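Student: Please read through the structure below; I'll follow up with questions.
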Amino acid sequence: MALNLIISTTLSVVLYVIHGAIGLTGLILVFGVLIIIHYALHLYNKINFKTSLIKRLLITTDDLIRHGDLKEKCDYLLLHLKDLIPYEIASLYFFDEKNEDVSYPISYYSNCELDIGDLSISLKNGVTFNIIKREISI
């Protein structure tokens, strides 16, 4: 906050001096350059943010490969995916095309206490299973 105040005050003084020395045309040119610089810095910050997300995703993927069985991989993925995509509750399911009863998650993450039964999905009448089944058969 203080840095913004210092920068904006300094720029205001510089623009005032330029206006007095060069006139309105010089002021407009300098102001245009400042807008371009601001936009370039904005793009740089966006690229930096996305680069850090990609690096964290690559690290997570690399670590995921090293983990043991499928259950451990799923647990690890849900735990570390939260660093990239904020969520309160997440679960991973495996669906068996032949079993159309109820499916329970192979892994889940939650900030609060949950009974695994709360995360069950009824497959017989469920929209999720019908969509998955339709996509598999295509």
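Just so we're on the same page: first chain in the structure tokens is A, next is B, and so on; residues restart at 1 for each chain, and ligands are numbered from 1 in the order they show up.
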Among chain A, which ones does DSSP place in strand (DSSP E), written as a PyMOL selection string?

Tutor: chain A and resi 89-92+102-103+107-110+121-122

Student: Excluding A:Tyr108 and any residue of its chain fewer than 3 positions from it, enumerate the residues within 10 Å of it, using only C-alpha atoms, and give them as a ChimeraX atom specification.

Tutor: /A:74-75,77-79,89-93,104-105,114,116,119

Student: Could you jot down the atom CA of A:Leu29 to atom CA of A:Lys46 separation for me, Å, one decimal place?

Tutor: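 The value is 26.0 Å.
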
Student: Find the spatial neighbours of A:Ile18, counting only C-alpha atoms, within a cut-off of 7 Å - ignore same-chain residues fewer than 5 positions away - and output them as a list of chain:residue names.

Tutor: A:Gly23, A:Gly26, A:Leu27
